[in-house]
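*Asks:* What follows is run02.pdb, made up of PDB, C-alpha atoms, pLDDT in the B column:
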```
ATOM      1  CA  MET A  29     -12.426 316.228  51.798  1.00 79.00           C
ATOM      2  CA  LEU A  30     -16.207 315.963  52.022  1.00 89.00           C
ATOM      3  CA  ALA A  31     -15.924 314.072  55.324  1.00 91.00           C
ATOM      4  CA  THR A  32     -14.254 317.092  56.917  1.00 90.00           C
ATOM      5  CA  PHE A  33     -17.156 319.362  56.023  1.00 90.00           C
ATOM      6  CA  LEU A  34     -19.724 316.836  57.194  1.00 94.00           C
ATOM      7  CA  ALA A  35     -17.861 316.380  60.470  1.00 92.00           C
ATOM      8  CA  ARG A  36     -17.887 320.159  60.997  1.00 90.00           C
ATOM      9  CA  ALA A  37     -21.611 320.171  60.207  1.00 92.00           C
ATOM     10  CA  GLY A  38     -22.182 317.791  63.139  1.00 91.00           C
ATOM     11  CA  TYR A  39     -22.072 314.402  61.420  1.00 92.00           C
ATOM     12  CA  ASN A  40     -18.785 313.306  62.985  1.00 86.00           C
ATOM     13  CA  ASN A  41     -20.445 310.306  64.685  1.00 89.00           C
ATOM     14  CA  GLU A  42     -21.625 308.827  61.393  1.00 93.00           C
ATOM     15  CA  PRO A  43     -19.703 305.575  60.735  1.00 94.00           C
ATOM     16  CA  GLY A  44     -18.562 306.571  57.232  1.00 95.00           C
ATOM     17  CA  ILE A  45     -17.371 309.981  58.401  1.00 94.00           C
ATOM     18  CA  LYS A  46     -15.521 308.496  61.384  1.00 94.00           C
ATOM     19  CA  HIS A  47     -13.901 305.902  59.135  1.00 95.00           C
ATOM     20  CA  ALA A  48     -12.732 308.493  56.586  1.00 95.00           C
ATOM     21  CA  LEU A  49     -11.277 310.834  59.212  1.00 95.00           C
ATOM     22  CA  LYS A  50      -9.590 307.995  61.123  1.00 96.00           C
ATOM     23  CA  MET A  51      -8.148 306.614  57.872  1.00 95.00           C
ATOM     24  CA  ARG A  52      -6.661 310.033  57.025  1.00 96.00           C
ATOM     25  CA  LEU A  53      -5.287 310.411  60.546  1.00 97.00           C
ATOM     26  CA  ASP A  54      -3.548 307.043  60.382  1.00 97.00           C
ATOM     27  CA  MET A  55      -2.268 307.659  56.846  1.00 96.00           C
ATOM     28  CA  VAL A  56      -0.859 311.110  57.551  1.00 97.00           C
ATOM     29  CA  TYR A  57       0.558 310.043  60.920  1.00 98.00           C
ATOM     30  CA  ASP A  58       2.348 307.087  59.334  1.00 97.00           C
ATOM     31  CA  PHE A  59       4.171 309.561  57.110  1.00 97.00           C
ATOM     32  CA  THR A  60       4.790 312.462  59.528  1.00 98.00           C
ATOM     33  CA  ARG A  61       6.090 310.273  62.370  1.00 97.00           C
ATOM     34  CA  LYS A  62       9.176 309.618  60.228  1.00 97.00           C
ATOM     35  CA  GLY A  63      10.018 313.333  60.166  1.00 97.00           C
ATOM     36  CA  ASP A  64      10.733 313.171  56.437  1.00 97.00           C
ATOM     37  CA  TYR A  65      10.667 316.491  54.563  1.00 97.00           C
ATOM     38  CA  ASP A  66      12.266 315.148  51.398  1.00 97.00           C
ATOM     39  CA  ILE A  67       8.961 314.845  49.551  1.00 96.00           C
ATOM     40  CA  TYR A  68       9.940 315.675  45.973  1.00 96.00           C
ATOM     41  CA  ALA A  69      11.030 313.492  43.074  1.00 94.00           C
ATOM     42  CA  PRO A  70      14.492 314.654  41.999  1.00 93.00           C
ATOM     43  CA  ASN A  71      14.637 316.896  38.923  1.00 89.00           C
ATOM     44  CA  LYS A  72      10.979 316.409  37.995  1.00 88.00           C
ATOM     45  CA  PHE A  73       8.844 319.498  37.367  1.00 88.00           C
ATOM     46  CA  LEU A  74       5.702 320.506  35.500  1.00 86.00           C
ATOM     47  CA  ARG A  75       5.226 324.196  34.759  1.00 85.00           C
ATOM     48  CA  LYS A  76       7.991 324.951  37.275  1.00 87.00           C
ATOM     49  CA  ARG A  77       6.113 323.119  40.052  1.00 90.00           C
ATOM     50  CA  PRO A  78       7.907 320.186  41.716  1.00 93.00           C
ATOM     51  CA  PHE A  79       6.542 316.645  41.567  1.00 93.00           C
ATOM     52  CA  VAL A  80       5.750 314.995  44.882  1.00 94.00           C
ATOM     53  CA  LYS A  81       7.308 311.531  45.141  1.00 94.00           C
ATOM     54  CA  LEU A  82       4.937 308.928  43.744  1.00 92.00           C
ATOM     55  CA  GLU A  83       5.041 306.853  46.932  1.00 92.00           C
ATOM     56  CA  LEU A  84       3.410 309.793  48.768  1.00 93.00           C
ATOM     57  CA  THR A  85       0.443 309.876  46.374  1.00 89.00           C
ATOM     58  CA  THR A  86      -0.133 306.182  45.717  1.00 83.00           C
ATOM     59  CA  GLY A  87      -3.438 305.473  44.008  1.00 78.00           C
ATOM     60  CA  GLY A  88      -4.402 309.141  44.141  1.00 78.00           C
ATOM     61  CA  ASP A  89      -4.236 309.256  47.953  1.00 86.00           C
ATOM     62  CA  CYS A  90      -1.991 311.859  49.539  1.00 92.00           C
ATOM     63  CA  TYR A  91       0.053 311.016  52.616  1.00 95.00           C
ATOM     64  CA  LEU A  92       0.942 314.651  53.285  1.00 96.00           C
ATOM     65  CA  PRO A  93      -1.064 316.724  55.779  1.00 96.00           C
ATOM     66  CA  LEU A  94      -3.774 318.868  54.213  1.00 95.00           C
ATOM     67  CA  ILE A  95      -5.659 321.803  55.697  1.00 93.00           C
ATOM     68  CA  PHE A  96      -8.828 319.718  55.401  1.00 93.00           C
ATOM     69  CA  ASP A  97      -7.337 317.110  57.728  1.00 95.00           C
ATOM     70  CA  ILE A  98      -6.904 319.685  60.476  1.00 95.00           C
ATOM     71  CA  VAL A  99     -10.449 320.968  60.017  1.00 93.00           C
ATOM     72  CA  GLY A 100     -11.937 317.466  60.097  1.00 94.00           C
ATOM     73  CA  TRP A 101      -9.913 316.298  63.075  1.00 95.00           C
ATOM     74  CA  GLU A 102     -10.940 319.415  64.995  1.00 93.00           C
ATOM     75  CA  ALA A 103     -14.531 318.194  64.793  1.00 93.00           C
ATOM     76  CA  TYR A 104     -13.822 314.453  65.068  1.00 92.00           C
ATOM     77  CA  LEU A 105     -11.190 314.099  67.791  1.00 94.00           C
ATOM     78  CA  PRO A 106     -12.890 315.741  70.808  1.00 92.00           C
ATOM     79  CA  GLU A 107     -15.932 313.455  70.591  1.00 90.00           C
ATOM     80  CA  CYS A 108     -14.720 310.353  68.765  1.00 91.00           C
ATOM     81  CA  GLY A 109     -10.950 310.202  69.120  1.00 93.00           C
ATOM     82  CA  THR A 110      -8.986 307.989  71.477  1.00 95.00           C
ATOM     83  CA  GLU A 111      -5.890 309.018  73.430  1.00 97.00           C
ATOM     84  CA  GLU A 112      -3.862 307.313  70.701  1.00 97.00           C
ATOM     85  CA  ASP A 113      -5.667 309.348  68.021  1.00 97.00           C
ATOM     86  CA  LEU A 114      -4.956 312.571  69.920  1.00 97.00           C
ATOM     87  CA  ALA A 115      -1.267 311.654  70.156  1.00 97.00           C
ATOM     88  CA  LYS A 116      -1.174 310.949  66.424  1.00 98.00           C
ATOM     89  CA  ALA A 117      -2.795 314.304  65.641  1.00 97.00           C
ATOM     90  CA  ASP A 118      -0.311 316.037  67.939  1.00 97.00           C
ATOM     91  CA  ASN A 119       2.533 314.376  66.032  1.00 98.00           C
ATOM     92  CA  VAL A 120       1.109 315.658  62.729  1.00 98.00           C
ATOM     93  CA  ILE A 121       0.764 319.185  64.148  1.00 97.00           C
ATOM     94  CA  GLN A 122       4.345 319.099  65.453  1.00 97.00           C
ATOM     95  CA  TYR A 123       5.500 318.078  61.962  1.00 98.00           C
ATOM     96  CA  ILE A 124       3.578 321.004  60.424  1.00 96.00           C
ATOM     97  CA  LEU A 125       4.994 323.522  62.894  1.00 95.00           C
ATOM     98  CA  THR A 126       8.612 322.822  61.997  1.00 95.00           C
ATOM     99  CA  GLU A 127      10.696 325.213  59.977  1.00 94.00           C
ATOM    100  CA  GLU A 128      11.461 322.398  57.504  1.00 96.00           C
ATOM    101  CA  TYR A 129       7.767 321.934  56.746  1.00 95.00           C
ATOM    102  CA  GLN A 130       7.047 325.642  56.530  1.00 94.00           C
ATOM    103  CA  LYS A 131       9.855 325.988  53.951  1.00 93.00           C
ATOM    104  CA  LEU A 132       8.121 323.540  51.582  1.00 93.00           C
ATOM    105  CA  PRO A 133       6.405 325.210  48.601  1.00 91.00           C
ATOM    106  CA  TRP A 134       2.849 326.324  49.313  1.00 89.00           C
ATOM    107  CA  GLY A 135       0.417 323.839  47.829  1.00 90.00           C
ATOM    108  CA  TYR A 136       3.157 321.183  47.660  1.00 92.00           C
ATOM    109  CA  GLY A 137       3.305 320.925  43.852  1.00 92.00           C
ATOM    110  CA  ILE A 138       2.241 318.251  41.372  1.00 92.00           C
ATOM    111  CA  MET A 139       1.075 314.753  42.261  1.00 91.00           C
ATOM    112  CA  GLY A 140       0.490 311.685  40.143  1.00 86.00           C
ATOM    113  CA  ASP A 141      -1.160 308.323  40.664  1.00 80.00           C
ATOM    114  CA  GLY A 142       1.316 306.162  38.748  1.00 79.00           C
ATOM    115  CA  THR A 143      -0.848 305.934  35.611  1.00 83.00           C
ATOM    116  CA  GLY A 144       0.518 309.071  33.976  1.00 83.00           C
ATOM    117  CA  ARG A 145      -2.297 311.301  35.237  1.00 85.00           C
ATOM    118  CA  THR A 146      -1.237 314.344  37.247  1.00 88.00           C
ATOM    119  CA  TRP A 147      -2.957 316.937  39.416  1.00 87.00           C
ATOM    120  CA  GLY A 148      -1.968 320.134  41.075  1.00 89.00           C
ATOM    121  CA  LEU A 149      -1.787 319.379  44.766  1.00 85.00           C
ATOM    122  CA  GLY A 150      -2.878 322.154  47.066  1.00 83.00           C
ATOM    123  CA  TRP A 151      -4.178 322.684  50.552  1.00 88.00           C
ATOM    124  CA  SER A 152      -0.849 322.455  52.355  1.00 92.00           C
ATOM    125  CA  VAL A 153      -0.879 323.626  55.970  1.00 93.00           C
ATOM    126  CA  HIS A 154       1.337 326.679  55.794  1.00 89.00           C
ATOM    127  CA  LEU A 155       1.191 329.437  58.371  1.00 87.00           C
ATOM    128  CA  PRO A 156       1.166 332.928  56.883  1.00 83.00           C
ATOM    129  CA  ARG A 157       4.058 335.045  58.142  1.00 81.00           C
ATOM    130  CA  TYR A 158       5.734 332.066  59.812  1.00 81.00           C
ATOM    131  CA  PHE A 159       9.153 333.513  59.036  1.00 79.00           C
ATOM    132  CA  ASP A 160       8.293 337.147  59.756  1.00 73.00           C
ATOM    133  CA  ILE A 161       9.827 338.582  62.896  1.00 53.00           C
ATOM    134  CA  PRO A 162       7.145 340.565  64.750  1.00 57.00           C
ATOM    135  CA  ASP A 163       7.778 344.273  64.929  1.00 49.00           C
ATOM    136  CA  LYS A 164       8.434 345.262  68.546  1.00 51.00           C
ATOM    137  CA  LYS A 165       5.967 348.168  68.332  1.00 48.00           C
ATOM    138  CA  TYR A 166       3.112 345.656  67.847  1.00 45.00           C
ATOM    139  CA  MET A 167       4.287 343.406  70.656  1.00 47.00           C
ATOM    140  CA  ASP A 168       4.178 346.223  73.215  1.00 50.00           C
ATOM    141  CA  LYS A 169       0.459 346.874  72.700  1.00 48.00           C
TER     142      LYS A 169
END
```
Can you give me the file's structure in the form of structure tokens?

*Replies:*
Amino acid sequence: MLATFLARAGYNNEPGIKHALKMRLDMVYDFTRKGDYDIYAPNKFLRKRPFVKLELTTGGDCYLPLIFDIVGWEAYLPECGTEEDLAKADNVIQYILTEEYQKLPWGYGIMGDGTGRTWGLGWSVHLPRYFDIPDKKYMDK
């Protein structure tokens, strides 16, 4: 998460920042390219929040797209990204813009690292009012 802020602050050419943002791009792309929206462990909840499948949060990493990814890639890709990186980011964005993704619970739910520790997982990339139909009176202005 810190890499995204540093990239936005102009440090996107720093080797460590580039590595972190590229690693996240590859990780998230590897998941989203499959088009899988079945991200929850069956019948597993904590405080009414669903558990994300353990294989999507291995070792405390999260393979799901986060708002911080989008912010970091916005700074990183124009200057440091390859055509392949841009295509990967486009794939992630297309995944996010689907109705299936937008129907997922905001903030995803609960994640674990396989050791019994759990965290609330937030920062999903939901679009406010995605399912609202614009009122015609506003569209005519």

*Asks:* Quick one: residues within 10 Å of Cys90 of chain A, all atoms listed in the file, excluding same-chain residues fewer than 6 positions away - as number ranges by chain?

*Replies:* A: 52, 55-56, 80, 82-84, 139-141, 149

*Asks:* Nearest residue to Gln130 of chain A out of A:Ala48, A:Val153, A:Leu114, A:Ala35, using only C-alpha atoms?

*Replies:* A:Val153

*Asks:* Here's the selection I'm unsure about, the PyMOL selection byres ((chain A and resi 73) around 12); applied to the file above, which residues does it give, as a VMD selection string?

*Replies:* chain A and resid 68 to 72 74 to 81 136 to 140 146 148

*Asks:* Include C-alpha atoms and write out the residues we just selected as a short mmCIF file (atom, residue, chain, number, x, y, z; two decimals), in the coordinates of the input.

*Replies:*
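Once everything was written out, this is result.cif:
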```
data_model
loop_
_atom_site.label_atom_id
_atom_site.label_comp_id
_atom_site.auth_asym_id
_atom_site.auth_seq_id
_atom_site.Cartn_x
_atom_site.Cartn_y
_atom_site.Cartn_z
CA TYR A 68 9.94 315.68 45.97
CA ALA A 69 11.03 313.49 43.07
CA PRO A 70 14.49 314.65 42.00
CA ASN A 71 14.64 316.90 38.92
CA LYS A 72 10.98 316.41 37.99
CA LEU A 74 5.70 320.51 35.50
CA ARG A 75 5.23 324.20 34.76
CA LYS A 76 7.99 324.95 37.28
CA ARG A 77 6.11 323.12 40.05
CA PRO A 78 7.91 320.19 41.72
CA PHE A 79 6.54 316.64 41.57
CA VAL A 80 5.75 315.00 44.88
CA LYS A 81 7.31 311.53 45.14
CA TYR A 136 3.16 321.18 47.66
CA GLY A 137 3.30 320.92 43.85
CA ILE A 138 2.24 318.25 41.37
CA MET A 139 1.08 314.75 42.26
CA GLY A 140 0.49 311.68 40.14
CA THR A 146 -1.24 314.34 37.25
CA GLY A 148 -1.97 320.13 41.08
#
```

*Asks:* Evaluated on this file, the PyMOL selection byres ((chain A and resi 121) around 12) picks out some residues - which ones are they, written as a PyMOL selection string?

*Replies:* chain A and resi 53+56-57+60-61+63+92-95+97-98+101-102+114-120+122-126+129-130+153-155

*Asks:* With all atoms listed in the file as the counted atoms, please give the residues lying no more than 9 Å from Leu34 of chain A, apart from itself and same-chain residues fewer than 6 positions off, as a ChimeraX atom specification.

*Replies:* /A:40,45,100

*Asks:* Which residue gives the smallest distance to Tyr104 of chain A among A:Asp64, A:Glu42, A:Glu127, A:Asp89, with only C-alpha atoms counted?

*Replies:*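 Counting only C-alpha atoms, the residue closest to Tyr104 of chain A is A:Glu42.
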
*Asks:* Between A:Gly135, A:Gly44, A:Gly87, A:Gly109, single out the one closest to Thr32 of chain A, counting all atoms listed in the file.

*Replies:*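 So, comparing all the options, the nearest one is A:Gly44.
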
*Asks:* Using all atoms of segment 129-147 of chain A listed in the file and a margin of 4 Å per side, can you give the axis-aligned box centre and edge lengths in Å to one decimal, as JSON?

*Replies:*
```
{"center_x": 3.4, "center_y": 316.1, "center_z": 45.4, "size_x": 20.8, "size_y": 28.4, "size_z": 30.8}
```

*Asks:* When you draw a straight line from atom CA of Tyr91 of chain A to atom CA of Phe59 of chain A, how long is it in Å?

*Replies:*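 We find that atom CA of Tyr91 of chain A and atom CA of Phe59 of chain A lie 6.3 Å from each other.
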
*Asks:* Please indicate the distance in Å from atom CA of Trp151 of chain A to atom CA of Gly88 of chain A, rounded to one decimal place.

*Replies:* 15.0 Å

*Asks:* Rank nothing, just name the residue among A:Phe96, A:Cys108, A:Thr85, A:Lys62 nearest to Gly38 of chain A, using all atoms listed in the file.

*Replies:*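 For Gly38 of chain A, the nearest of the candidates is A:Cys108.
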
*Asks:* Looking at A:Glu112, A:Asp160, A:Glu128, A:Glu107, which one is nearest to Ile67 of chain A, with distances taken over all atoms listed in the file?

*Replies:*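 Closest to Ile67 of chain A, using all atoms listed in the file: A:Glu128.
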
*Asks:* Please, what distance in Å, to one decimal, runs between atom CA of Trp134 of chain A and atom CA of Pro156 of chain A?

*Replies:*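 Computed distance, atom CA of Trp134 of chain A to atom CA of Pro156 of chain A, equals 10.2 Å.
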
*Asks:* How would segment 44-76 of chain A of the given structure read as a file with N, CA and C atoms, as a PDB file, in the first residue's frame?

*Replies:*
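The resulting file, out.pdb, is shown below:
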```pdb
ATOM      1  N   GLY A  44      12.526  -0.247  -5.833  1.00  0.00           N
ATOM      2  CA  GLY A  44      11.647  -0.937  -4.891  1.00  0.00           C
ATOM      3  C   GLY A  44      10.179  -0.651  -5.147  1.00  0.00           C
ATOM      4  N   ILE A  45       9.875   0.580  -5.530  1.00  0.00           N
ATOM      5  CA  ILE A  45       8.497   0.965  -5.827  1.00  0.00           C
ATOM      6  C   ILE A  45       8.036   0.255  -7.100  1.00  0.00           C
ATOM      7  N   LYS A  46       8.879   0.293  -8.136  1.00  0.00           N
ATOM      8  CA  LYS A  46       8.541  -0.386  -9.390  1.00  0.00           C
ATOM      9  C   LYS A  46       8.305  -1.874  -9.158  1.00  0.00           C
ATOM     10  N   HIS A  47       9.175  -2.477  -8.362  1.00  0.00           N
ATOM     11  CA  HIS A  47       9.053  -3.914  -8.085  1.00  0.00           C
ATOM     12  C   HIS A  47       7.727  -4.219  -7.381  1.00  0.00           C
ATOM     13  N   ALA A  48       7.387  -3.431  -6.363  1.00  0.00           N
ATOM     14  CA  ALA A  48       6.160  -3.673  -5.605  1.00  0.00           C
ATOM     15  C   ALA A  48       4.922  -3.514  -6.485  1.00  0.00           C
ATOM     16  N   LEU A  49       4.889  -2.479  -7.309  1.00  0.00           N
ATOM     17  CA  LEU A  49       3.721  -2.244  -8.156  1.00  0.00           C
ATOM     18  C   LEU A  49       3.614  -3.292  -9.260  1.00  0.00           C
ATOM     19  N   LYS A  50       4.742  -3.691  -9.824  1.00  0.00           N
ATOM     20  CA  LYS A  50       4.744  -4.739 -10.856  1.00  0.00           C
ATOM     21  C   LYS A  50       4.324  -6.078 -10.247  1.00  0.00           C
ATOM     22  N   MET A  51       4.797  -6.376  -9.045  1.00  0.00           N
ATOM     23  CA  MET A  51       4.425  -7.615  -8.371  1.00  0.00           C
ATOM     24  C   MET A  51       2.908  -7.669  -8.148  1.00  0.00           C
ATOM     25  N   ARG A  52       2.330  -6.558  -7.677  1.00  0.00           N
ATOM     26  CA  ARG A  52       0.878  -6.507  -7.472  1.00  0.00           C
ATOM     27  C   ARG A  52       0.131  -6.655  -8.798  1.00  0.00           C
ATOM     28  N   LEU A  53       0.621  -5.998  -9.840  1.00  0.00           N
ATOM     29  CA  LEU A  53      -0.025  -6.104 -11.141  1.00  0.00           C
ATOM     30  C   LEU A  53      -0.053  -7.558 -11.608  1.00  0.00           C
ATOM     31  N   ASP A  54       1.077  -8.216 -11.528  1.00  0.00           N
ATOM     32  CA  ASP A  54       1.148  -9.616 -11.962  1.00  0.00           C
ATOM     33  C   ASP A  54       0.259 -10.511 -11.101  1.00  0.00           C
ATOM     34  N   MET A  55       0.272 -10.289  -9.800  1.00  0.00           N
ATOM     35  CA  MET A  55      -0.507 -11.101  -8.867  1.00  0.00           C
ATOM     36  C   MET A  55      -2.008 -10.943  -9.121  1.00  0.00           C
ATOM     37  N   VAL A  56      -2.455  -9.711  -9.226  1.00  0.00           N
ATOM     38  CA  VAL A  56      -3.880  -9.454  -9.416  1.00  0.00           C
ATOM     39  C   VAL A  56      -4.317  -9.909 -10.813  1.00  0.00           C
ATOM     40  N   TYR A  57      -3.486  -9.663 -11.810  1.00  0.00           N
ATOM     41  CA  TYR A  57      -3.797 -10.116 -13.165  1.00  0.00           C
ATOM     42  C   TYR A  57      -3.939 -11.635 -13.222  1.00  0.00           C
ATOM     43  N   ASP A  58      -3.027 -12.342 -12.580  1.00  0.00           N
ATOM     44  CA  ASP A  58      -3.085 -13.807 -12.590  1.00  0.00           C
ATOM     45  C   ASP A  58      -4.423 -14.311 -12.065  1.00  0.00           C
ATOM     46  N   PHE A  59      -5.006 -13.587 -11.115  1.00  0.00           N
ATOM     47  CA  PHE A  59      -6.320 -13.982 -10.616  1.00  0.00           C
ATOM     48  C   PHE A  59      -7.429 -13.508 -11.544  1.00  0.00           C
ATOM     49  N   THR A  60      -7.451 -12.231 -11.911  1.00  0.00           N
ATOM     50  CA  THR A  60      -8.593 -11.677 -12.655  1.00  0.00           C
ATOM     51  C   THR A  60      -8.699 -12.237 -14.070  1.00  0.00           C
ATOM     52  N   ARG A  61      -7.619 -12.665 -14.668  1.00  0.00           N
ATOM     53  CA  ARG A  61      -7.679 -13.190 -16.037  1.00  0.00           C
ATOM     54  C   ARG A  61      -8.535 -14.452 -16.119  1.00  0.00           C
ATOM     55  N   LYS A  62      -8.729 -15.115 -14.997  1.00  0.00           N
ATOM     56  CA  LYS A  62      -9.558 -16.326 -14.952  1.00  0.00           C
ATOM     57  C   LYS A  62     -11.048 -16.003 -14.941  1.00  0.00           C
ATOM     58  N   GLY A  63     -11.393 -14.747 -14.628  1.00  0.00           N
ATOM     59  CA  GLY A  63     -12.794 -14.351 -14.577  1.00  0.00           C
ATOM     60  C   GLY A  63     -13.577 -15.037 -13.471  1.00  0.00           C
ATOM     61  N   ASP A  64     -12.905 -15.335 -12.373  1.00  0.00           N
ATOM     62  CA  ASP A  64     -13.519 -16.054 -11.257  1.00  0.00           C
ATOM     63  C   ASP A  64     -14.072 -15.053 -10.238  1.00  0.00           C
ATOM     64  N   TYR A  65     -15.371 -15.153  -9.967  1.00  0.00           N
ATOM     65  CA  TYR A  65     -16.009 -14.292  -8.969  1.00  0.00           C
ATOM     66  C   TYR A  65     -16.444 -15.084  -7.746  1.00  0.00           C
ATOM     67  N   ASP A  66     -16.131 -16.354  -7.732  1.00  0.00           N
ATOM     68  CA  ASP A  66     -16.457 -17.222  -6.605  1.00  0.00           C
ATOM     69  C   ASP A  66     -15.295 -17.151  -5.614  1.00  0.00           C
ATOM     70  N   ILE A  67     -15.279 -16.094  -4.817  1.00  0.00           N
ATOM     71  CA  ILE A  67     -14.110 -15.794  -3.981  1.00  0.00           C
ATOM     72  C   ILE A  67     -14.288 -16.175  -2.517  1.00  0.00           C
ATOM     73  N   TYR A  68     -15.442 -16.699  -2.140  1.00  0.00           N
ATOM     74  CA  TYR A  68     -15.712 -16.944  -0.731  1.00  0.00           C
ATOM     75  C   TYR A  68     -15.670 -18.420  -0.360  1.00  0.00           C
ATOM     76  N   ALA A  69     -15.152 -18.685   0.835  1.00  0.00           N
ATOM     77  CA  ALA A  69     -15.182 -20.034   1.398  1.00  0.00           C
ATOM     78  C   ALA A  69     -16.636 -20.352   1.742  1.00  0.00           C
ATOM     79  N   PRO A  70     -17.111 -21.540   1.374  1.00  0.00           N
ATOM     80  CA  PRO A  70     -18.519 -21.852   1.633  1.00  0.00           C
ATOM     81  C   PRO A  70     -18.852 -21.919   3.121  1.00  0.00           C
ATOM     82  N   ASN A  71     -19.945 -21.266   3.484  1.00  0.00           N
ATOM     83  CA  ASN A  71     -20.498 -21.329   4.846  1.00  0.00           C
ATOM     84  C   ASN A  71     -19.520 -20.916   5.940  1.00  0.00           C
ATOM     85  N   LYS A  72     -18.642 -19.981   5.657  1.00  0.00           N
ATOM     86  CA  LYS A  72     -17.690 -19.518   6.666  1.00  0.00           C
ATOM     87  C   LYS A  72     -17.838 -18.006   6.820  1.00  0.00           C
ATOM     88  N   PHE A  73     -18.206 -17.583   8.029  1.00  0.00           N
ATOM     89  CA  PHE A  73     -18.461 -16.171   8.309  1.00  0.00           C
ATOM     90  C   PHE A  73     -17.866 -15.793   9.658  1.00  0.00           C
ATOM     91  N   LEU A  74     -17.566 -14.525   9.826  1.00  0.00           N
ATOM     92  CA  LEU A  74     -17.163 -13.957  11.099  1.00  0.00           C
ATOM     93  C   LEU A  74     -17.905 -12.638  11.231  1.00  0.00           C
ATOM     94  N   ARG A  75     -18.697 -12.530  12.268  1.00  0.00           N
ATOM     95  CA  ARG A  75     -19.527 -11.330  12.479  1.00  0.00           C
ATOM     96  C   ARG A  75     -20.334 -10.985  11.219  1.00  0.00           C
ATOM     97  N   LYS A  76     -20.906 -12.006  10.628  1.00  0.00           N
ATOM     98  CA  LYS A  76     -21.758 -11.890   9.437  1.00  0.00           C
ATOM     99  C   LYS A  76     -21.011 -11.462   8.176  1.00  0.00           C
TER     100      LYS A  76
END
```
